[in-house]
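Okay, model07.tsv is below, TSV, C-alpha atoms and all ligand atoms:
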chain	number	residue	atom	x	y	z
A	1	TYR	CA	0.00	0.00	0.00
A	2	VAL	CA	1.03	3.55	-0.64
A	3	SER	CA	-1.12	5.22	1.94
A	4	THR	CA	-2.27	8.70	0.88
A	5	SER	CA	-4.83	9.74	3.51
A	6	LEU	CA	-4.38	10.36	7.23
A	7	LEU	CA	-7.22	7.93	7.92
A	8	SER	CA	-5.33	5.23	6.10
A	9	GLN	CA	-1.91	6.11	7.53
A	10	VAL	CA	-3.06	5.94	11.16
A	11	ASP	CA	-5.51	3.06	10.87
A	12	ALA	CA	-6.76	1.40	7.67
A	13	SER	CA	-3.39	0.63	6.05
A	14	THR	CA	-2.26	-1.52	8.98
A	15	GLY	CA	-3.80	-4.85	9.87
A	16	GLY	CA	-5.01	-6.15	6.52
A	17	LYS	CA	-8.72	-5.57	7.04
A	18	ASN	CA	-10.70	-5.01	3.83
A	19	GLY	CA	-14.42	-4.24	3.97
A	20	VAL	CA	-17.27	-3.49	1.62
A	21	ASN	CA	-20.57	-1.80	2.48
A	22	LEU	CA	-23.74	-3.58	1.41
A	23	GLU	CA	-27.37	-2.48	1.44
A	24	GLY	CA	-26.78	0.45	3.79
A	25	ALA	CA	-24.68	-1.50	6.30
A	26	LYS	CA	-20.99	-0.75	6.86
A	27	ASN	CA	-18.27	-3.29	6.06
A	28	VAL	CA	-20.54	-6.33	6.07
A	29	LEU	CA	-18.40	-8.16	3.53
A	30	GLY	CA	-14.66	-8.41	3.84
A	31	CYS	CA	-11.49	-10.35	4.28
A	32	PHE	CA	-8.12	-10.16	5.99
A	33	LYS	CA	-5.17	-9.88	3.63
A	34	GLN	CA	-1.89	-8.39	4.81
A	35	PRO	CA	0.01	-6.02	2.50
A	36	GLU	CA	3.65	-6.76	1.68
A	37	PHE	CA	4.61	-3.23	2.68
A	38	VAL	CA	3.00	0.09	3.62
A	39	ILE	CA	4.41	3.52	2.82
A	40	CYS	CA	3.12	6.40	4.96
A	41	ASP	CA	4.61	9.69	3.81
A	42	PRO	CA	3.26	12.66	5.83
A	43	ALA	CA	4.21	15.01	2.95
A	44	MET	CA	1.31	13.49	0.99
A	45	LEU	CA	-1.14	14.77	3.59
A	46	SER	CA	-0.59	18.40	2.54
A	47	THR	CA	-2.89	17.89	-0.45
A	48	LEU	CA	-5.90	16.55	1.49
A	49	THR	CA	-9.02	18.68	1.87
A	50	GLU	CA	-9.68	19.98	5.40
A	51	GLU	CA	-12.61	17.59	5.76
A	52	GLU	CA	-10.59	14.54	4.72
A	53	TYR	CA	-7.66	15.52	6.93
A	54	TYR	CA	-9.79	16.04	10.06
A	55	SER	CA	-11.71	12.87	9.33
A	56	GLY	CA	-8.39	11.03	9.60
A	57	LEU	CA	-7.47	12.94	12.73
A	58	ALA	CA	-10.52	11.43	14.44
A	59	GLU	CA	-9.03	7.93	13.98
A	60	LEU	CA	-5.71	9.20	15.37
A	61	ILE	CA	-7.54	10.51	18.45
A	62	LYS	CA	-9.28	7.12	18.69
A	63	THR	CA	-5.94	5.35	18.82
A	64	ALA	CA	-4.75	7.71	21.56
A	65	LEU	CA	-7.91	7.16	23.58
A	66	ILE	CA	-7.80	3.37	23.43
A	67	GLY	CA	-4.09	2.82	23.82
A	68	ASN	CA	-1.71	5.72	24.23
A	69	ARG	CA	-2.21	8.50	26.78
A	70	LYS	CA	1.03	10.20	25.65
A	71	LEU	CA	-0.34	10.44	22.10
A	72	PHE	CA	-3.50	12.02	23.52
A	73	ASP	CA	-1.39	14.63	25.37
A	74	LEU	CA	0.61	15.26	22.19
A	75	ILE	CA	-2.52	15.90	20.11
A	76	GLU	CA	-4.01	18.04	22.88
A	77	ASN	CA	-0.88	20.15	23.42
A	78	ASN	CA	0.11	20.70	19.77
A	79	GLN	CA	-3.07	21.84	18.12
A	80	ALA	CA	-1.40	24.54	16.02
A	81	GLY	CA	1.13	22.04	14.63
A	82	ILE	CA	-1.55	19.45	13.94
A	83	SER	CA	-3.70	22.05	12.16
A	84	ARG	CA	-0.84	23.22	9.93
A	85	ARG	CA	0.03	19.53	9.22
A	86	ASP	CA	3.57	19.83	10.54
A	87	PRO	CA	5.31	16.82	8.92
A	88	GLY	CA	7.66	16.17	11.88
A	89	LEU	CA	4.80	16.16	14.37
A	90	LEU	CA	2.60	14.06	12.08
A	91	SER	CA	5.40	11.61	11.52
A	92	MET	CA	5.68	11.09	15.28
A	93	CYS	CA	1.91	10.72	15.70
A	94	ILE	CA	1.58	8.30	12.76
A	95	SER	CA	4.45	6.14	14.09
A	96	MET	CA	2.82	5.94	17.51
A	97	ALA	CA	-0.52	4.95	15.94
A	98	VAL	CA	1.01	2.34	13.62
A	99	ASN	CA	3.12	0.82	16.41
A	100	PHE	CA	0.07	0.49	18.64
A	101	LYS	CA	-2.12	-0.99	15.92
A	102	ALA	CA	0.60	-3.37	14.75
A	103	ALA	CA	0.96	-4.70	18.30
A	104	VAL	CA	-2.81	-5.22	18.57
A	105	VAL	CA	-3.19	-7.03	15.23
A	106	THR	CA	-0.08	-9.12	15.84
A	107	GLU	CA	-1.81	-10.47	18.93
A	108	ASP	CA	-5.27	-10.81	17.34
A	109	GLU	CA	-5.24	-10.62	13.54
A	110	LYS	CA	-8.75	-12.00	12.95
A	111	GLU	CA	-10.50	-9.96	15.64
A	112	THR	CA	-11.51	-12.68	18.03
A	113	GLY	CA	-10.79	-10.54	21.09
A	114	LEU	CA	-8.31	-7.70	21.63
A	115	ARG	CA	-8.65	-6.22	18.12
A	116	ARG	CA	-12.24	-5.26	18.95
A	117	ILE	CA	-10.95	-2.26	20.92
A	118	LEU	CA	-10.12	-0.65	17.55
A	119	ASN	CA	-13.88	-0.28	17.09
A	120	PHE	CA	-14.08	2.34	19.85
A	121	GLY	CA	-16.73	4.90	18.83
A	122	HIS	CA	-17.84	2.76	15.89
A	123	THR	CA	-21.10	1.25	17.26
A	124	TYR	CA	-22.70	4.69	17.35
A	125	GLY	CA	-20.33	6.00	14.66
A	126	HIS	CA	-21.52	3.58	11.99
A	127	ALA	CA	-25.15	4.34	12.90
A	128	ILE	CA	-24.49	8.08	12.58
A	129	GLU	CA	-22.51	7.57	9.35
A	130	MET	CA	-25.39	5.65	7.78
A	131	TYR	CA	-28.05	8.09	8.99
A	132	LYS	CA	-26.27	11.38	8.28
A	133	SER	CA	-23.88	10.32	5.47
A	134	TYR	CA	-21.00	12.00	7.30
A	135	ARG	CA	-17.43	11.23	6.39
A	136	HIS	CA	-16.25	8.26	8.45
A	137	GLY	CA	-14.01	10.12	10.94
A	138	TYR	CA	-16.66	12.72	11.80
A	139	ALA	CA	-19.21	9.99	12.51
A	140	VAL	CA	-16.65	8.06	14.59
A	141	ALA	CA	-15.81	11.25	16.53
A	142	ALA	CA	-19.50	11.69	17.38
A	143	GLY	CA	-19.59	8.00	18.33
A	144	MET	CA	-16.53	8.46	20.55
A	145	GLU	CA	-18.23	11.31	22.38
A	146	LEU	CA	-21.16	8.99	23.09
A	147	ALA	CA	-18.96	6.03	24.04
A	148	SER	CA	-17.00	8.30	26.36
A	149	GLY	CA	-20.28	9.47	27.91
A	150	PHE	CA	-21.39	5.83	28.27
A	151	SER	CA	-18.07	5.07	30.03
A	152	LEU	CA	-18.63	8.04	32.33
A	153	SER	CA	-22.14	6.79	33.17
A	154	ARG	CA	-20.55	3.51	34.33
A	155	GLY	CA	-17.90	5.27	36.44
A	156	MET	CA	-15.08	4.08	34.17
A	157	ILE	CA	-13.79	7.58	33.40
A	158	THR	CA	-14.12	10.83	35.34
A	159	ARG	CA	-16.17	13.86	34.34
A	160	GLU	CA	-12.89	15.72	33.85
A	161	GLU	CA	-11.62	13.04	31.43
A	162	HIS	CA	-14.92	13.13	29.53
A	163	ASN	CA	-14.66	16.92	29.27
A	164	ARG	CA	-11.09	16.65	27.98
A	165	ILE	CA	-12.20	14.18	25.30
A	166	THR	CA	-15.19	16.19	24.11
A	167	GLY	CA	-13.16	19.42	24.36
A	168	LEU	CA	-10.44	17.99	22.11
A	169	LEU	CA	-12.90	16.65	19.52
A	170	ASN	CA	-14.75	19.96	19.56
A	171	SER	CA	-11.59	22.03	19.17
A	172	TYR	CA	-10.88	20.24	15.87
A	173	GLY	CA	-14.47	20.76	14.67
A	174	LEU	CA	-15.13	17.04	14.89
A	175	LEU	CA	-18.53	17.00	16.56
A	176	PRO	CA	-21.23	17.55	13.94
A	177	GLY	CA	-24.83	17.34	15.11
A	178	HIS	CA	-26.90	14.19	14.87
A	179	ASP	CA	-30.29	13.41	16.24
A	180	ILE	CA	-31.40	9.94	15.26
A	181	PRO	CA	-34.99	9.18	16.31
A	182	ALA	CA	-35.34	6.48	19.01
A	183	ASP	CA	-37.04	3.98	16.70
A	184	GLN	CA	-34.28	4.30	14.09
A	185	ILE	CA	-31.21	4.15	16.32
A	186	THR	CA	-32.21	0.65	17.44
A	187	GLN	CA	-32.52	-0.50	13.83
A	188	LEU	CA	-29.19	1.06	12.90
A	189	ILE	CA	-27.33	-0.53	15.83
A	190	MET	CA	-28.91	-3.87	14.87
A	191	LYS	CA	-27.02	-3.59	11.56
A	192	ASP	CA	-23.68	-3.61	13.42
A	193	LYS	CA	-21.85	-6.63	12.05
A	194	LYS	CA	-20.29	-7.19	15.50
A	195	LYS	CA	-23.77	-7.88	16.88
A	196	SER	CA	-24.36	-11.31	18.27
A	197	GLY	CA	-27.99	-12.14	19.06
A	198	ASN	CA	-29.36	-9.17	20.95
A	199	GLU	CA	-25.94	-7.95	22.11
A	200	VAL	CA	-23.08	-5.87	20.76
A	201	SER	CA	-19.45	-5.88	21.85
A	202	PHE	CA	-19.25	-2.31	23.06
A	203	VAL	CA	-15.89	-0.61	23.56
A	204	PHE	CA	-15.65	1.47	26.74
A	205	LEU	CA	-12.80	3.59	28.05
A	206	ASN	CA	-11.32	2.67	31.38
A	207	GLY	CA	-9.39	5.94	31.63
A	208	ILE	CA	-7.75	7.82	28.75
A	209	GLY	CA	-5.41	5.43	26.90
A	210	ASN	CA	-7.09	2.22	28.01
A	211	ALA	CA	-10.08	0.48	26.38
A	212	VAL	CA	-12.14	-2.54	27.39
A	213	THR	CA	-14.87	-4.41	25.53
A	214	GLU	CA	-18.09	-5.46	27.21
A	215	LYS	CA	-21.32	-6.95	25.88
A	216	VAL	CA	-24.30	-4.62	26.07
A	217	THR	CA	-27.78	-5.22	24.77
A	218	VAL	CA	-28.87	-3.34	21.66
A	219	SER	CA	-31.71	-1.75	23.65
A	220	GLU	CA	-29.30	-0.54	26.37
A	221	ALA	CA	-27.04	1.06	23.74
A	222	ALA	CA	-30.05	2.63	21.99
A	223	GLU	CA	-31.46	3.94	25.28
A	224	PHE	CA	-28.14	5.54	26.17
A	225	TYR	CA	-28.03	7.23	22.76
A	226	SER	CA	-31.51	8.68	23.13
A	227	GLN	CA	-30.96	10.15	26.60
A	228	TYR	CA	-27.40	11.49	26.01
A	229	LYS	CA	-27.03	15.25	25.75
A	230	PRO	CA	-24.19	16.00	23.30
A	231	ALA	CA	-21.60	18.74	24.01
A	232	ASN	CA	-22.79	20.59	20.86
B	301	LIG	N1	-10.08	-0.23	11.57
B	301	LIG	C1	-10.22	-1.21	12.56
B	301	LIG	C2	-9.44	-2.45	12.31
B	301	LIG	O1	-8.59	-2.47	11.44
B	301	LIG	O2	-9.65	-3.43	12.98
Represent the supplied structure as structure tokens.
Amino acid sequence: YVSTSLLSQVDASTGGKNGVNLEGAKNVLGCFKQPEFVICDPAMLSTLTEEEYYSGLAELIKTALIGNRKLFDLIENNQAGISRRDPGLLSMCISMAVNFKAAVVTEDEKETGLRRILNFGHTYGHAIEMYKSYRHGYAVAAGMELASGFSLSRGMITREEHNRITGLLNSYGLLPGHDIPADQITQLIMKDKKKSGNEVSFVFLNGIGNAVTEKVTVSEAAEFYSQYKPAN
């Protein structure tokens, strides 16, 4: 792969996952096939549109949230450099993301356990992406806000951590509005390919930089969505 988007450089290019959308559901067909090599050149990112660049940034923030607190601090403390696409800074961030993801997929290539944490923000994110037709990263960012709120409601992160997460997503313009009616959010979550019976493997944060997966019922996830008050 010669990886030309930030989304690909920090996530999709590593791990060999290939997916195809079908009949309004995300990535329901796919396979695992590892590339022989991946080239991630941050200089290529200078040509991306703002929307595409920030969409990729959402997946970088996801990686920080699930596995690397130092990366989170770096993204939080260097917003000017991130916004002007500083190649040195991006190179460091991309390396941290690739190293983390490579370690995860080395342990669990076919997503039977650990790899599921990479889906943080995606249960709600895919629902929002299908309903609003947002670019993937924006929908995932909105999903991460919700998943962070869900983690807060279970006492797994503090209010201060939740505020840091939503503040960071907001400062990069990554929290577009969404208001999916209660009857439709249930249907959309049901389309999650990770669903098994009436349950989904939901990724929670147990502090910034640490993710855990727990089964929740579709109705519990839908109820949380409908009662959550977004930051925006
Ligand atoms: N993008 C999530 C994964 O590769 O598993």
- Close residues, range 145-154 of chain A itself excluded, 7 Å, all atoms listed in the file, min 2 positions apart in chain, as an MDAnalysis selection string: chainID A and resid 121 141:143 156:159 162 166 204:205
- Message: Which residue is closest to Ser13 in chain A? Choose from A:Val38, A:Ala127, A:Leu90, A:Leu114 and count only C-alpha atoms.
- Response: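 Selected residue with least distance to Ser13 in chain A: A:Val38.
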Could you give me, as an mmCIF file with C-alpha atoms, keeping the file's coordinate frame, every polymer residue with an atom at most 6 Å away from an atom of ligand LIG 301 (chain B), counting all atoms listed in the file?
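Result file is pocket-v7.cif:
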data_model
loop_
_atom_site.group_PDB
_atom_site.id
_atom_site.type_symbol
_atom_site.label_atom_id
_atom_site.label_comp_id
_atom_site.auth_asym_id
_atom_site.auth_seq_id
_atom_site.Cartn_x
_atom_site.Cartn_y
_atom_site.Cartn_z
ATOM 1 C CA ASP A 11 -5.510 3.060 10.870
ATOM 2 C CA ALA A 12 -6.760 1.400 7.670
ATOM 3 C CA GLY A 15 -3.800 -4.850 9.870
ATOM 4 C CA LYS A 17 -8.720 -5.570 7.040
ATOM 5 C CA ARG A 115 -8.650 -6.220 18.120
ATOM 6 C CA LEU A 118 -10.120 -0.650 17.550
ATOM 7 C CA ASN A 119 -13.880 -0.280 17.090
#
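Note that the spacing between CA of Gly16 in chain A and CA of Asp108 in chain A amounts to 11.8 Å.
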- Item | Selection: 7 Å around range 185-194 of chain A, only C-alpha atoms, excl. self and same-chain fewer than 6 positions, as JSON, numbers by chain | {"A": [25, 28, 123, 127, 200, 201, 218, 219, 222]}
How would the residues just chosen look if you wrote them out with C-alpha atoms as a JSON list (two decimals), keeping the file's coordinate frame?
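The result, stored in again_27.json:
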[["chain", "number", "residue", "atom", "x", "y", "z"],
["A", 25, "ALA", "CA", -24.68, -1.50, 6.30],
["A", 28, "VAL", "CA", -20.54, -6.33, 6.07],
["A", 123, "THR", "CA", -21.10, 1.25, 17.26],
["A", 127, "ALA", "CA", -25.15, 4.34, 12.90],
["A", 200, "VAL", "CA", -23.08, -5.87, 20.76],
["A", 201, "SER", "CA", -19.45, -5.88, 21.85],
["A", 218, "VAL", "CA", -28.87, -3.34, 21.66],
["A", 219, "SER", "CA", -31.71, -1.75, 23.65],
["A", 222, "ALA", "CA", -30.05, 2.63, 21.99]]
- Note on the structure: One decimal place gives the CA of Ala97 in chain A-CA of Leu71 in chain A separation as 8.3 Å
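Among the candidates A:Tyr54, A:Phe32, A:Phe120, A:Phe100, the one nearest to Phe202 in chain A when counting only C-alpha atoms is A:Phe120.
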- Message: Which residues are near Thr47 in chain A? Cut-off 12 Å, all atoms listed in the file, ignore same chain within fewer than 5 positions. Put them as a list in words.
- Response: Thr4, Ser5, Leu6, Asp41, Pro42, Glu52, Tyr53, Arg84 and Arg85 of chain A
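For the pair CA of Val203 in chain A and CA of Gln227 in chain A, the separation is 18.8 Å.
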Padded axis-aligned box of range 124-127 of chain A (6 Å per side), centre and edge lengths, Å, one decimal, as JSON:
{"center_x": -22.7, "center_y": 4.8, "center_z": 14.7, "size_x": 16.8, "size_y": 14.4, "size_z": 17.4}
Within 10 Å of Ile75 in chain A, counting all atoms listed in the file, which residues qualify if same-chain residues fewer than 2 places away don't, as a short mmCIF file (atom, residue, chain, number, x, y, z; two decimals) with C-alpha atoms, in the coordinates of the input?
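Final output, saved to out08.cif:
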data_model
loop_
_atom_site.label_atom_id
_atom_site.label_comp_id
_atom_site.auth_asym_id
_atom_site.auth_seq_id
_atom_site.Cartn_x
_atom_site.Cartn_y
_atom_site.Cartn_z
CA LEU A 57 -7.47 12.94 12.73
CA LEU A 60 -5.71 9.20 15.37
CA ILE A 61 -7.54 10.51 18.45
CA ALA A 64 -4.75 7.71 21.56
CA ARG A 69 -2.21 8.50 26.78
CA LYS A 70 1.03 10.20 25.65
CA LEU A 71 -0.34 10.44 22.10
CA PHE A 72 -3.50 12.02 23.52
CA ASP A 73 -1.39 14.63 25.37
CA ASN A 77 -0.88 20.15 23.42
CA ASN A 78 0.11 20.70 19.77
CA GLN A 79 -3.07 21.84 18.12
CA ALA A 80 -1.40 24.54 16.02
CA GLY A 81 1.13 22.04 14.63
CA ILE A 82 -1.55 19.45 13.94
CA LEU A 89 4.80 16.16 14.37
CA LEU A 90 2.60 14.06 12.08
CA CYS A 93 1.91 10.72 15.70
CA LEU A 168 -10.44 17.99 22.11
#
- Message: Env of Ile117 in chain A: 8 Å cut, atoms = only C-alpha atoms, seq-sep filter 4 positions within chain, self excluded. Answer as number ranges by chain.
- Response: A: 66, 203, 211-213
- Minimum-distance residue to Ser8 in chain A, chosen among A:Asn27, A:Ser55, A:Thr112, A:Gln184 (using only C-alpha atoms):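 Residue with the minimum atom-to-atom distance to Ser8 in chain A: A:Ser55.
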- Item | From A:Tyr138, A:Gly67, A:Leu174, A:Ile128, residue lying nearest Gly207 in chain A [all atoms listed in the file] | A:Gly67
- Task: Could you check which of A:Asp179, A:Glu36, A:Glu23, A:Glu199 is closest to Tyr225 in chain A, using all atoms listed in the file?
- Result: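 Nearest to Tyr225 in chain A: A:Asp179.
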